[in-house]
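A.B. asks: Below is one structure. I have some questions about it.
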Amino acid sequence: MKTSFLAIFSTFFILHTASKAQVLLPLQELEKSNNCPSVEFAISQGDKAVKISLYSPSETFSERIGLVKNLQMLVANRLYLKYLPASFSQNTQLQWLELRFNWIATLPEFMGDFPNLQRLDLRNNWFEKMPQMLFRLPKIAYLDISENKIDTLSNDLLNCLNLNHLDISNNKLKQIPDSLGKLTDLKFLDFSYNQLEKMPANLSALQQLTYLDIGFNPLKDSSKIAANLARFPLLQSLGLGGLGLKKLPEQLFLLKNLQYLYLNANKLERISGKIGDLRALRRLDLSDNFLDSLPASLGRLDSLEWLNLEKNGLSVVSDSLGKLSQLKMLILGVNKFTALPASLAKLEKLEELSIQNTLLKTFPAEYKKLKINKLHLGFNKVLDQDKTYPIVGQMANLTYLSLRACRFKKLSATVEKLQNLSELDLYDNQLSELPASLSKLKSLKILRLGSNELKSIPENIGELQGLELLDLAYNELRTLPEGIFNLKQLKFLSIAGNPLPKDLIEKLKLALPDTKIQ
């Protein structure tokens, strides 16, 4: 939802009265009132909103929604609605309607007579055809009908001349009518994840576009993609993922306003050095390609905050990445490099680093300076544990650490220094014992130790009073320490696949009645 509107919980109507007096009235009370208050949805973070809860969606929504007069904004997401009731015809003042994640397959014709409806969100329903009444809405500006089963888009779309946001992604469209090019007010257009083989003929006429995603379609006219890109000088976000691109069109580098660029799941073997000309880029996704190297010009992207290079064939990680001064998230997993450049230690704003499933042998000592919160080191099967723990143990800001499936045989006592750690994932290693110092991680909420070779658990594990999830499944445990019965905050405990006696399991269930034990 856009930042200019109040965030809305999916199972609530959020309203405030026309007067300054704030009241809390369920729909049942509105029905009984002879003086049903006029209401409108809060559209400012500063407003104190009144919430009207749907206690029984199927009954309350169907029978009583028409009683709320002058309703301007309604959010009814995830309520398992199959249709809109006849009483809904009274809500002709509606401007904003969200019906996400329901079971609706059609809209009533009377909605075509809602003169003020500007925003309609029908994401993830059961529509197979575009509702014809949509094309009678004179003010409709925002339409999201993504994640449905629509296979045809009518030329009647031309009637919606005020449209500036159209999301028809994740449908079954095989073609888009030429009339789309006449909707010249469009700023946001997403038709990704459809079955389109060619681009809309008049797409280049949409020169006001700031967001365009055409990815994951079986397009055959990639040359037209290149020809069209230069016609969108205002583009800030561009999705070209999953199009089978082997090289980047030169016109791409003319888009100086681009902030978000998605090139994932293509067949790119190299990236032009001109990528460094896109100085406004904040997010760049190059994952799932065939890249074996990176241009040094990547280091010129001094606005970049998020970079995904996962699932390529990188044998070397460029030193130039250390120049990305604004970078917060870096994903490098599933590549072929055996070492990392020390220059990454200069990334002072880096918050999350993912280096999973590589041939990495050692973790650079310089990385102990990183102030990251999350570190993903899972599936690095040749990583040297003795050289990794001393470095990782000095990353005092870590709240999440994954060493999943690294074949580590021990957990170093140095982890006790990670006092901010709330989640530790050591699943699928070769651990046979745990250090008693593990109990010093007082912030720990999630501890994953499944699929190891543990024969015992330290008695003082009971000192981890904040623990909410503990996975001990598929080890060699024949008993559990008494301390485990003190973990009263546990919501989930997995002990499956251990040779534990049944009476001990029953004792656990009695001692931890609020814990789901599996």
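How things are named: the first chain in the structure tokens is A, the next is B, and so on; residues count from 1 in each chain; ligands count from 1 in the order shown.
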Can you list, as a VMD selection string, every protein, DNA or RNA residue that comes within 12 Å of Tyr142 (chain A) when you count only C-alpha atoms, leaving out same-chain residues fewer than 3 positions away?

C.D. replies: chain A and resid 1 to 2 95 to 98 117 to 122 134 137 to 139 145 160 to 168 185 to 189

A.B. asks: Go ahead and write the selection's residues with N, CA and C atoms as an mmCIF file, in the first residue's frame.

C.D. replies:
data_model
loop_
_atom_site.group_PDB
_atom_site.id
_atom_site.type_symbol
_atom_site.label_atom_id
_atom_site.label_comp_id
_atom_site.auth_asym_id
_atom_site.auth_seq_id
_atom_site.Cartn_x
_atom_site.Cartn_y
_atom_site.Cartn_z
ATOM 1 N N MET A 1 0.846 -1.184 0.000
ATOM 2 C CA MET A 1 0.000 0.000 0.000
ATOM 3 C C MET A 1 0.888 1.242 0.000
ATOM 4 N N LYS A 2 0.478 2.278 -0.673
ATOM 5 C CA LYS A 2 1.322 3.448 -0.811
ATOM 6 C C LYS A 2 1.464 4.162 0.525
ATOM 7 N N GLN A 95 -14.661 5.338 -2.929
ATOM 8 C CA GLN A 95 -13.535 5.786 -3.752
ATOM 9 C C GLN A 95 -12.425 4.726 -3.815
ATOM 10 N N TRP A 96 -12.312 3.940 -2.760
ATOM 11 C CA TRP A 96 -11.215 2.979 -2.625
ATOM 12 C C TRP A 96 -11.818 1.648 -2.189
ATOM 13 N N LEU A 97 -11.541 0.584 -2.946
ATOM 14 C CA LEU A 97 -12.056 -0.737 -2.603
ATOM 15 C C LEU A 97 -10.963 -1.790 -2.781
ATOM 16 N N GLU A 98 -10.640 -2.483 -1.708
ATOM 17 C CA GLU A 98 -9.678 -3.584 -1.759
ATOM 18 C C GLU A 98 -10.385 -4.885 -1.409
ATOM 19 N N LEU A 117 -15.497 5.784 -7.781
ATOM 20 C CA LEU A 117 -14.511 4.744 -7.530
ATOM 21 C C LEU A 117 -13.238 5.005 -8.333
ATOM 22 N N GLN A 118 -12.153 5.194 -7.603
ATOM 23 C CA GLN A 118 -10.868 5.510 -8.236
ATOM 24 C C GLN A 118 -9.849 4.381 -8.103
ATOM 25 N N ARG A 119 -9.956 3.625 -7.026
ATOM 26 C CA ARG A 119 -8.964 2.575 -6.759
ATOM 27 C C ARG A 119 -9.686 1.259 -6.506
ATOM 28 N N LEU A 120 -9.317 0.229 -7.291
ATOM 29 C CA LEU A 120 -9.935 -1.085 -7.164
ATOM 30 C C LEU A 120 -8.841 -2.145 -7.186
ATOM 31 N N ASP A 121 -8.757 -2.915 -6.107
ATOM 32 C CA ASP A 121 -7.722 -3.939 -5.966
ATOM 33 C C ASP A 121 -8.399 -5.300 -5.848
ATOM 34 N N LEU A 122 -8.225 -6.143 -6.868
ATOM 35 C CA LEU A 122 -8.840 -7.464 -6.933
ATOM 36 C C LEU A 122 -7.785 -8.567 -6.990
ATOM 37 N N LEU A 134 -16.152 -2.718 -15.120
ATOM 38 C CA LEU A 134 -14.972 -1.880 -14.899
ATOM 39 C C LEU A 134 -14.863 -0.765 -15.925
ATOM 40 N N LEU A 137 -16.562 2.696 -15.271
ATOM 41 C CA LEU A 137 -16.178 3.525 -14.128
ATOM 42 C C LEU A 137 -15.430 4.762 -14.621
ATOM 43 N N PRO A 138 -16.023 5.941 -14.508
ATOM 44 C CA PRO A 138 -15.443 7.133 -15.135
ATOM 45 C C PRO A 138 -14.152 7.629 -14.497
ATOM 46 N N LYS A 139 -13.949 7.322 -13.195
ATOM 47 C CA LYS A 139 -12.800 7.886 -12.498
ATOM 48 C C LYS A 139 -11.738 6.848 -12.142
ATOM 49 N N ILE A 145 -5.584 -6.310 -10.884
ATOM 50 C CA ILE A 145 -6.332 -7.557 -11.044
ATOM 51 C C ILE A 145 -5.352 -8.704 -11.298
ATOM 52 N N CYS A 160 -11.184 3.477 -19.983
ATOM 53 C CA CYS A 160 -10.615 3.870 -18.687
ATOM 54 C C CYS A 160 -9.468 4.851 -18.904
ATOM 55 N N LEU A 161 -9.780 5.991 -19.433
ATOM 56 C CA LEU A 161 -8.748 6.937 -19.850
ATOM 57 C C LEU A 161 -7.997 7.568 -18.692
ATOM 58 N N ASN A 162 -8.536 7.449 -17.468
ATOM 59 C CA ASN A 162 -7.862 8.038 -16.313
ATOM 60 C C ASN A 162 -6.908 7.071 -15.629
ATOM 61 N N LEU A 163 -6.795 5.859 -16.156
ATOM 62 C CA LEU A 163 -5.925 4.860 -15.525
ATOM 63 C C LEU A 163 -4.472 5.344 -15.473
ATOM 64 N N ASN A 164 -3.891 5.297 -14.282
ATOM 65 C CA ASN A 164 -2.460 5.567 -14.180
ATOM 66 C C ASN A 164 -1.706 4.394 -13.565
ATOM 67 N N HIS A 165 -2.444 3.391 -13.059
ATOM 68 C CA HIS A 165 -1.824 2.209 -12.454
ATOM 69 C C HIS A 165 -2.583 0.979 -12.919
ATOM 70 N N LEU A 166 -1.908 0.087 -13.638
ATOM 71 C CA LEU A 166 -2.540 -1.135 -14.136
ATOM 72 C C LEU A 166 -1.616 -2.316 -13.870
ATOM 73 N N ASP A 167 -2.092 -3.231 -13.014
ATOM 74 C CA ASP A 167 -1.334 -4.446 -12.706
ATOM 75 C C ASP A 167 -2.162 -5.646 -13.146
ATOM 76 N N ILE A 168 -1.726 -6.295 -14.224
ATOM 77 C CA ILE A 168 -2.418 -7.487 -14.740
ATOM 78 C C ILE A 168 -1.441 -8.659 -14.778
ATOM 79 N N ASP A 185 -2.024 8.225 -19.692
ATOM 80 C CA ASP A 185 -1.760 8.659 -18.319
ATOM 81 C C ASP A 185 -1.092 7.565 -17.492
ATOM 82 N N LEU A 186 -0.941 6.384 -18.063
ATOM 83 C CA LEU A 186 -0.362 5.269 -17.305
ATOM 84 C C LEU A 186 1.049 5.602 -16.824
ATOM 85 N N LYS A 187 1.255 5.373 -15.533
ATOM 86 C CA LYS A 187 2.580 5.522 -14.940
ATOM 87 C C LYS A 187 3.124 4.188 -14.442
ATOM 88 N N PHE A 188 2.215 3.285 -14.126
ATOM 89 C CA PHE A 188 2.590 1.977 -13.596
ATOM 90 C C PHE A 188 1.950 0.918 -14.469
ATOM 91 N N LEU A 189 2.757 0.019 -15.048
ATOM 92 C CA LEU A 189 2.233 -1.052 -15.892
ATOM 93 C C LEU A 189 3.009 -2.335 -15.623
#

A.B. asks: Would you mind listing what lies within 7 Å of region 458-460 of chain A as a list in words, with only C-alpha atoms counted and same-chain residues fewer than 2 positions away left out?

C.D. replies: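 Near neighbours after the sequence-gap exclusion: Leu434, Ala436, Ser439, Ser456, Gly462, Glu463, Pro481, Glu482 and Gly483 of chain A.
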
A.B. asks: Please identify which residues in region 36-227 of chain A DSSP calls helix (DSSP H, G or I) from the backbone, and express them as a count of residues only.

C.D. replies: 45

A.B. asks: For Lys174 (chain A), list every protein, DNA or RNA residue within 12 Å, evaluated using only C-alpha atoms, and leave out those in the same chain fewer than 2 positions away; present the list as a ChimeraX atom specification.

C.D. replies: /A:149-153,169-172,176-177,191-200,217-219

A.B. asks: Env of Asp113 (chain A): 8 Å cut, atoms = only C-alpha atoms, seq-sep filter 3 positions within chain, self excluded. Answer as a list of chain:residue names.

C.D. replies: A:Thr92, A:Glu109, A:Phe110, A:Arg136, A:Leu137

A.B. asks: Restricting the calculation to only C-alpha atoms, which member of A:Val316, A:Leu107, A:Leu449, A:Cys406 is positioned closest to Gln132 (chain A)?

C.D. replies: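 Closest to Gln132 (chain A), using only C-alpha atoms: A:Leu107.
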
A.B. asks: Which residue gives the smallest distance to Gln93 (chain A) among A:Gln72, A:Thr358, A:Asn159, A:Asn429, with only C-alpha atoms counted?

C.D. replies: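 Once distances to Gln93 (chain A) are computed over only C-alpha atoms, the minimum belongs to A:Gln72.
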
A.B. asks: To one decimal place, how far is CA of Arg123 (chain A) from CA of Ala201 (chain A) in Å?

C.D. replies: 26.1 Å

A.B. asks: In Å, rounded to a single decimal, give me how far CA of Leu424 (chain A) is from CA of Arg478 (chain A).

C.D. replies: 23.3 Å

A.B. asks: Would you return as a ChimeraX atom specification the members of region 296-392 of chain A that DSSP assigns to strand (DSSP E) on this structure's backbone?

C.D. replies: /A:306-308,329-331,352-354,374-376

A.B. asks: Could the residues in this selection be saved with N, CA, C and O atoms as a PDB file, in the first residue's frame?

C.D. replies:
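Listing of selection16.pdb after writing:
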ATOM      1  N   TRP A 306      20.877  -2.432  -2.842  1.00  0.00           N
ATOM      2  CA  TRP A 306      20.521  -3.864  -2.868  1.00  0.00           C
ATOM      3  C   TRP A 306      21.087  -4.462  -4.150  1.00  0.00           C
ATOM      4  O   TRP A 306      20.816  -3.974  -5.235  1.00  0.00           O
ATOM      5  N   LEU A 307      21.876  -5.538  -4.002  1.00  0.00           N
ATOM      6  CA  LEU A 307      22.505  -6.165  -5.170  1.00  0.00           C
ATOM      7  C   LEU A 307      22.423  -7.683  -5.028  1.00  0.00           C
ATOM      8  O   LEU A 307      22.886  -8.253  -4.032  1.00  0.00           O
ATOM      9  N   ASN A 308      21.840  -8.321  -6.035  1.00  0.00           N
ATOM     10  CA  ASN A 308      21.707  -9.779  -6.033  1.00  0.00           C
ATOM     11  C   ASN A 308      22.502 -10.352  -7.206  1.00  0.00           C
ATOM     12  O   ASN A 308      22.179 -10.098  -8.378  1.00  0.00           O
ATOM     13  N   MET A 329      22.284  -4.526   1.278  1.00  0.00           N
ATOM     14  CA  MET A 329      22.030  -5.951   1.097  1.00  0.00           C
ATOM     15  C   MET A 329      22.867  -6.462  -0.065  1.00  0.00           C
ATOM     16  O   MET A 329      22.821  -5.905  -1.167  1.00  0.00           O
ATOM     17  N   LEU A 330      23.635  -7.542   0.173  1.00  0.00           N
ATOM     18  CA  LEU A 330      24.468  -8.132  -0.868  1.00  0.00           C
ATOM     19  C   LEU A 330      24.266  -9.648  -0.855  1.00  0.00           C
ATOM     20  O   LEU A 330      24.474 -10.305   0.171  1.00  0.00           O
ATOM     21  N   ILE A 331      23.862 -10.188  -2.013  1.00  0.00           N
ATOM     22  CA  ILE A 331      23.586 -11.621  -2.145  1.00  0.00           C
ATOM     23  C   ILE A 331      24.563 -12.207  -3.167  1.00  0.00           C
ATOM     24  O   ILE A 331      24.545 -11.824  -4.338  1.00  0.00           O
ATOM     25  N   GLU A 352      22.958  -6.804   5.596  1.00  0.00           N
ATOM     26  CA  GLU A 352      22.731  -8.232   5.379  1.00  0.00           C
ATOM     27  C   GLU A 352      23.659  -8.742   4.283  1.00  0.00           C
ATOM     28  O   GLU A 352      23.767  -8.145   3.221  1.00  0.00           O
ATOM     29  N   LEU A 353      24.305  -9.870   4.557  1.00  0.00           N
ATOM     30  CA  LEU A 353      25.238 -10.473   3.616  1.00  0.00           C
ATOM     31  C   LEU A 353      24.903 -11.951   3.469  1.00  0.00           C
ATOM     32  O   LEU A 353      24.866 -12.692   4.451  1.00  0.00           O
ATOM     33  N   SER A 354      24.644 -12.372   2.231  1.00  0.00           N
ATOM     34  CA  SER A 354      24.296 -13.760   1.963  1.00  0.00           C
ATOM     35  C   SER A 354      25.337 -14.373   1.039  1.00  0.00           C
ATOM     36  O   SER A 354      25.517 -13.921  -0.093  1.00  0.00           O
ATOM     37  N   LYS A 374      22.548  -9.513   9.616  1.00  0.00           N
ATOM     38  CA  LYS A 374      22.223 -10.865   9.175  1.00  0.00           C
ATOM     39  C   LYS A 374      23.349 -11.415   8.300  1.00  0.00           C
ATOM     40  O   LYS A 374      23.796 -10.754   7.365  1.00  0.00           O
ATOM     41  N   LEU A 375      23.763 -12.651   8.610  1.00  0.00           N
ATOM     42  CA  LEU A 375      24.825 -13.298   7.853  1.00  0.00           C
ATOM     43  C   LEU A 375      24.388 -14.714   7.487  1.00  0.00           C
ATOM     44  O   LEU A 375      24.108 -15.536   8.358  1.00  0.00           O
ATOM     45  N   HIS A 376      24.314 -14.980   6.171  1.00  0.00           N
ATOM     46  CA  HIS A 376      23.917 -16.283   5.649  1.00  0.00           C
ATOM     47  C   HIS A 376      25.161 -16.969   5.074  1.00  0.00           C
ATOM     48  O   HIS A 376      25.668 -16.567   4.033  1.00  0.00           O
TER      49      HIS A 376
END
